[in-house]
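Peer 1: This is data33.tsv, which holds TSV, C-alpha atoms:
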```tsv
chain	number	residue	atom	x	y	z
A	1407	MET	CA	-14.35	61.13	-44.02
A	1408	LYS	CA	-16.15	61.31	-40.79
A	1409	PHE	CA	-16.17	58.39	-38.35
A	1410	ARG	CA	-19.20	57.70	-36.32
A	1411	LYS	CA	-18.98	57.25	-32.60
A	1412	ARG	CA	-20.29	54.03	-31.22
A	1413	VAL	CA	-22.83	54.64	-28.59
A	1414	GLY	CA	-23.29	51.24	-26.96
A	1415	PHE	CA	-19.84	49.64	-26.89
A	1416	THR	CA	-20.12	46.01	-25.76
A	1417	ARG	CA	-17.22	44.03	-24.45
A	1418	PRO	CA	-16.72	40.57	-25.86
A	1419	LEU	CA	-17.97	37.92	-23.43
A	1420	LEU	CA	-15.47	35.46	-22.04
A	1421	ASP	CA	-16.64	31.93	-22.73
A	1422	VAL	CA	-15.74	29.79	-19.69
A	1423	THR	CA	-17.04	26.51	-21.09
A	1424	PRO	CA	-13.68	25.38	-22.53
A	1425	MET	CA	-11.95	26.36	-19.29
A	1426	ALA	CA	-14.46	24.36	-17.23
A	1427	ASP	CA	-13.87	21.37	-19.52
A	1428	VAL	CA	-10.11	21.60	-19.03
A	1429	VAL	CA	-10.44	21.88	-15.24
A	1430	PHE	CA	-12.79	18.90	-15.17
A	1431	LEU	CA	-10.43	16.81	-17.30
A	1432	LEU	CA	-7.47	17.75	-15.09
A	1433	LEU	CA	-9.45	16.76	-12.01
A	1434	ILE	CA	-10.28	13.37	-13.51
A	1435	PHE	CA	-6.67	12.89	-14.64
A	1436	PHE	CA	-5.23	13.54	-11.18
A	1437	MET	CA	-7.84	11.38	-9.47
A	1438	LEU	CA	-7.10	8.43	-11.74
A	1439	SER	CA	-3.34	8.80	-11.93
A	1440	SER	CA	-2.63	9.42	-8.26
A	1441	SER	CA	-0.92	6.46	-6.70
A	1442	PHE	CA	-2.89	4.74	-4.03
A	1443	LEU	CA	-0.83	2.51	-1.79
A	1444	ILE	CA	-2.35	-0.90	-2.02
A	1445	GLU	CA	-0.58	-3.63	-0.19
A	1446	PRO	CA	-0.07	-6.54	-2.50
A	1447	GLY	CA	-1.38	-9.98	-2.00
A	1448	ILE	CA	-3.53	-11.56	0.57
A	1449	LYS	CA	-6.67	-9.88	1.90
A	1450	LEU	CA	-6.50	-9.75	5.67
A	1451	LYS	CA	-8.27	-7.87	8.44
A	1452	LEU	CA	-5.32	-6.31	10.24
A	1453	PRO	CA	-5.60	-5.12	13.82
A	1454	ALA	CA	-5.88	-1.34	14.13
A	1455	THR	CA	-3.46	0.95	15.98
A	1456	LYS	CA	-2.95	4.69	16.19
A	1457	THR	CA	0.72	4.55	15.18
A	1458	ALA	CA	0.56	2.55	11.94
A	1459	GLU	CA	3.21	3.49	9.39
A	1460	ILE	CA	3.33	2.58	5.73
A	1461	GLN	CA	6.49	0.86	4.51
A	1462	SER	CA	7.29	2.17	1.07
A	1463	ASP	CA	10.24	0.14	-0.18
A	1464	LYS	CA	10.23	-3.55	-1.06
A	1465	LYS	CA	10.54	-5.76	2.02
A	1466	LEU	CA	9.86	-9.36	2.88
A	1467	ILE	CA	6.19	-9.62	3.79
A	1468	LEU	CA	4.88	-12.70	5.58
A	1469	SER	CA	1.09	-13.01	5.69
A	1470	VAL	CA	-0.92	-15.31	7.97
A	1471	LYS	CA	-4.59	-15.78	7.10
A	1472	LYS	CA	-7.24	-16.61	9.68
A	1473	THR	CA	-7.39	-20.12	8.21
A	1474	GLY	CA	-3.73	-20.64	9.13
A	1475	GLU	CA	-2.38	-20.35	5.59
A	1476	ILE	CA	1.04	-18.70	5.38
A	1477	PHE	CA	2.28	-16.61	2.44
A	1478	LEU	CA	5.77	-15.21	1.87
A	1479	ASN	CA	5.58	-12.28	-0.57
A	1480	GLU	CA	2.24	-13.59	-1.90
A	1481	ARG	CA	3.59	-17.12	-2.40
A	1482	PRO	CA	2.09	-19.92	-0.28
A	1483	VAL	CA	4.57	-21.52	2.13
A	1484	ARG	CA	4.23	-24.43	4.54
A	1485	LEU	CA	5.17	-23.77	8.16
A	1486	GLU	CA	7.70	-26.62	8.02
A	1487	SER	CA	9.64	-25.04	5.12
A	1488	LEU	CA	9.29	-21.41	6.26
A	1489	GLU	CA	12.60	-21.25	8.14
A	1490	GLU	CA	14.53	-22.61	5.16
A	1491	GLU	CA	12.90	-20.16	2.74
A	1492	LEU	CA	13.61	-17.24	5.06
A	1493	ARG	CA	17.26	-18.32	5.38
A	1494	LEU	CA	17.53	-17.97	1.59
A	1495	LEU	CA	15.74	-14.61	1.31
A	1496	LEU	CA	16.83	-12.70	4.42
A	1497	PRO	CA	20.52	-12.31	3.41
A	1498	LEU	CA	19.33	-10.50	0.26
A	1499	GLN	CA	17.70	-7.79	2.42
A	1500	SER	CA	19.82	-4.89	3.64
A	1501	GLU	CA	18.12	-4.62	7.05
A	1502	LYS	CA	17.08	-8.26	7.52
A	1503	LEU	CA	13.57	-6.93	8.20
A	1504	LEU	CA	10.49	-9.14	8.04
A	1505	ILE	CA	7.01	-7.59	8.06
A	1506	VAL	CA	4.39	-9.94	9.50
A	1507	ARG	CA	0.82	-9.32	8.37
A	1508	ALA	CA	-1.43	-11.54	10.47
A	1509	ASP	CA	-5.21	-11.49	10.24
A	1510	LYS	CA	-6.68	-10.31	13.53
A	1511	GLU	CA	-8.68	-13.54	13.68
A	1512	ALA	CA	-5.63	-15.77	13.02
A	1513	LEU	CA	-4.69	-18.21	15.74
A	1514	HIS	CA	-2.15	-16.78	18.14
A	1515	GLY	CA	-0.14	-20.01	18.19
A	1516	ILE	CA	0.53	-19.96	14.45
A	1517	VAL	CA	1.66	-16.33	14.57
A	1518	VAL	CA	4.05	-17.13	17.44
A	1519	GLU	CA	5.46	-20.11	15.52
A	1520	VAL	CA	5.98	-17.89	12.47
A	1521	LEU	CA	7.81	-15.31	14.58
A	1522	ASP	CA	10.00	-18.05	16.11
A	1523	LYS	CA	10.89	-19.45	12.69
A	1524	ALA	CA	11.75	-15.95	11.47
A	1525	LYS	CA	14.11	-15.36	14.40
A	1526	LEU	CA	15.75	-18.77	13.90
A	1527	ALA	CA	16.22	-17.95	10.19
A	1528	GLY	CA	18.14	-14.78	11.07
A	1529	ALA	CA	15.58	-11.99	10.95
A	1530	GLU	CA	17.07	-9.12	12.95
A	1531	LYS	CA	13.98	-6.92	12.87
A	1532	LEU	CA	10.37	-8.05	13.00
A	1533	ALA	CA	7.52	-5.65	12.29
A	1534	ILE	CA	3.85	-6.44	12.73
A	1535	ALA	CA	1.62	-4.71	10.18
A	1536	THR	CA	-1.50	-2.94	11.43
A	1537	GLU	CA	-4.12	-0.59	10.03
A	1538	LYS	CA	-4.38	2.99	11.25
A	1539	LYS	CA	-7.49	3.72	13.34
```
Will you turn the file into structure tokens for me?
Peer 2:
Amino acid sequence: MKFRKRVGFTRPLLDVTPMADVVFLLLIFFMLSSSFLIEPGIKLKLPATKTAEIQSDKKLILSVKKTGEIFLNERPVRLESLEEELRLLLPLQSEKLLIVRADKEALHGIVVEVLDKAKLAGAEKLAIATEKK
């Protein structure tokens, strides 16, 4: 039996369509599942600085809106009862750190009163949240 020689040998073509589908699905997966750091709670316009750092672990966050409303970890608080609430929550923190997020259009006097109440309640460290420029 004599075998014939093939004259025009063609290589099988590599179909890249399934590979492109997989790459596209992986891209979508990583875009949707990546964790974006979104600060919880109250929408504020924070002042911008060049040295802003993101706090990753759970801390006490005190927010002051431009209307003068005060929130402690997203819960509304009156200025009169702020010191008492902080006295209850600060001992539960390891560093006694309070992060103050004040709207850049908030009244300066309210922010100063909030900082005073925090110090009187026993906050050892006060941090003012800003946005990176």
Peer 1: Please report, as AutoDock Vina command-line options, the centre and edge lengths in Å to one decimal of an axis-aligned box covering all listed atoms of stretch 1503-1508 of chain A with 5 Å per side.
Peer 2:
```
--center_x 6.1 --center_y -9.2 --center_z 9.3 --size_x 25.0 --size_y 14.6 --size_z 12.4
```
Peer 1: Nearest to A:Val1483 among A:Lys1465, A:Val1520, A:Leu1420, A:Lys1525, with distances taken over only C-alpha atoms: which residue is it?
Peer 2: A:Val1520
Peer 1: Give me the residues near A:Glu1530 as a short mmCIF file (atom, residue, chain, number, x, y, z; two decimals) with C-alpha atoms, keeping the file's coordinate frame, where near means some atom within 12 Å (using all atoms listed in the file) and where sequence neighbours in that chain fewer than 3 positions away do not count.
Peer 2:
```cif
data_model
loop_
_atom_site.label_atom_id
_atom_site.label_comp_id
_atom_site.auth_asym_id
_atom_site.auth_seq_id
_atom_site.Cartn_x
_atom_site.Cartn_y
_atom_site.Cartn_z
CA LEU A 1492 13.61 -17.24 5.06
CA ARG A 1493 17.26 -18.32 5.38
CA LEU A 1496 16.83 -12.70 4.42
CA PRO A 1497 20.52 -12.31 3.41
CA GLN A 1499 17.70 -7.79 2.42
CA SER A 1500 19.82 -4.89 3.64
CA GLU A 1501 18.12 -4.62 7.05
CA LYS A 1502 17.08 -8.26 7.52
CA LEU A 1503 13.57 -6.93 8.20
CA LEU A 1504 10.49 -9.14 8.04
CA ILE A 1505 7.01 -7.59 8.06
CA LEU A 1521 7.81 -15.31 14.58
CA ASP A 1522 10.00 -18.05 16.11
CA ALA A 1524 11.75 -15.95 11.47
CA LYS A 1525 14.11 -15.36 14.40
CA LEU A 1526 15.75 -18.77 13.90
CA ALA A 1527 16.22 -17.95 10.19
CA ALA A 1533 7.52 -5.65 12.29
#
```
Peer 1: If I take atom CA of A:Ile1467 and atom CA of A:Asn1479, how far is one from the other in Å, to one decimal?
Peer 2: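 Calculated distance between atom CA of A:Ile1467 and atom CA of A:Asn1479 is 5.1 Å.
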Peer 1: Can you measure atom CA of A:Lys1538 to atom CA of A:Glu1519 for me? One decimal in Å is fine.
Peer 2: 25.5 Å
Peer 1: Rounded to one decimal in Å, what is the spacing between atom CA of A:Lys1531 and atom CA of A:Leu1466?
Peer 2: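 Atom CA of A:Lys1531 sits 11.1 Å away from atom CA of A:Leu1466.
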Peer 1: I'd like to know which of A:Leu1513, A:Leu1495, A:Met1437, A:Leu1488 is closest to A:Thr1473, using all atoms listed in the file.
Peer 2: A:Leu1513
Peer 1: Which is closer to A:Leu1485 than all the others in A:Ser1439, A:Thr1423, A:Thr1536, A:Ser1469, using all atoms listed in the file?
Peer 2: A:Ser1469
Peer 1: Hey, what's within 12 Å of A:Glu1475 if we count only C-alpha atoms and toss same-chain stuff fewer than 2 positions away? As a list in words, please?
Peer 2: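 Near neighbours after the sequence-gap exclusion: Ile1448, Lys1449, Leu1450, Leu1468, Ser1469, Val1470, Lys1471, Lys1472, Thr1473, Phe1477, Leu1478, Glu1480, Arg1481, Pro1482, Val1483, Arg1484, Leu1485, Leu1488, Arg1507, Ala1508, Asp1509, Ala1512, Leu1513, Ile1516, Val1517 and Val1520 of chain A.
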Peer 1: I'd like to know which of A:Val1428, A:Ile1534, A:Leu1438, A:Leu1419 is closest to A:Val1506, using only C-alpha atoms.
Peer 2: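 Residue with the minimum atom-to-atom distance to A:Val1506: A:Ile1534.
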Peer 1: When distances are computed from only C-alpha atoms, which of A:Ile1476, A:Leu1432, A:Gly1528, A:Val1518 shows the smallest separation from A:Leu1494?
Peer 2: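 Ranked by minimum distance to A:Leu1494, first place goes to A:Gly1528.
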Peer 1: When you count only C-alpha atoms, which of these residues is closest to A:Glu1489: A:Arg1417, A:Lys1408, A:Lys1523, A:Lys1510?
Peer 2: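 The closest residue to A:Glu1489 is A:Lys1523.
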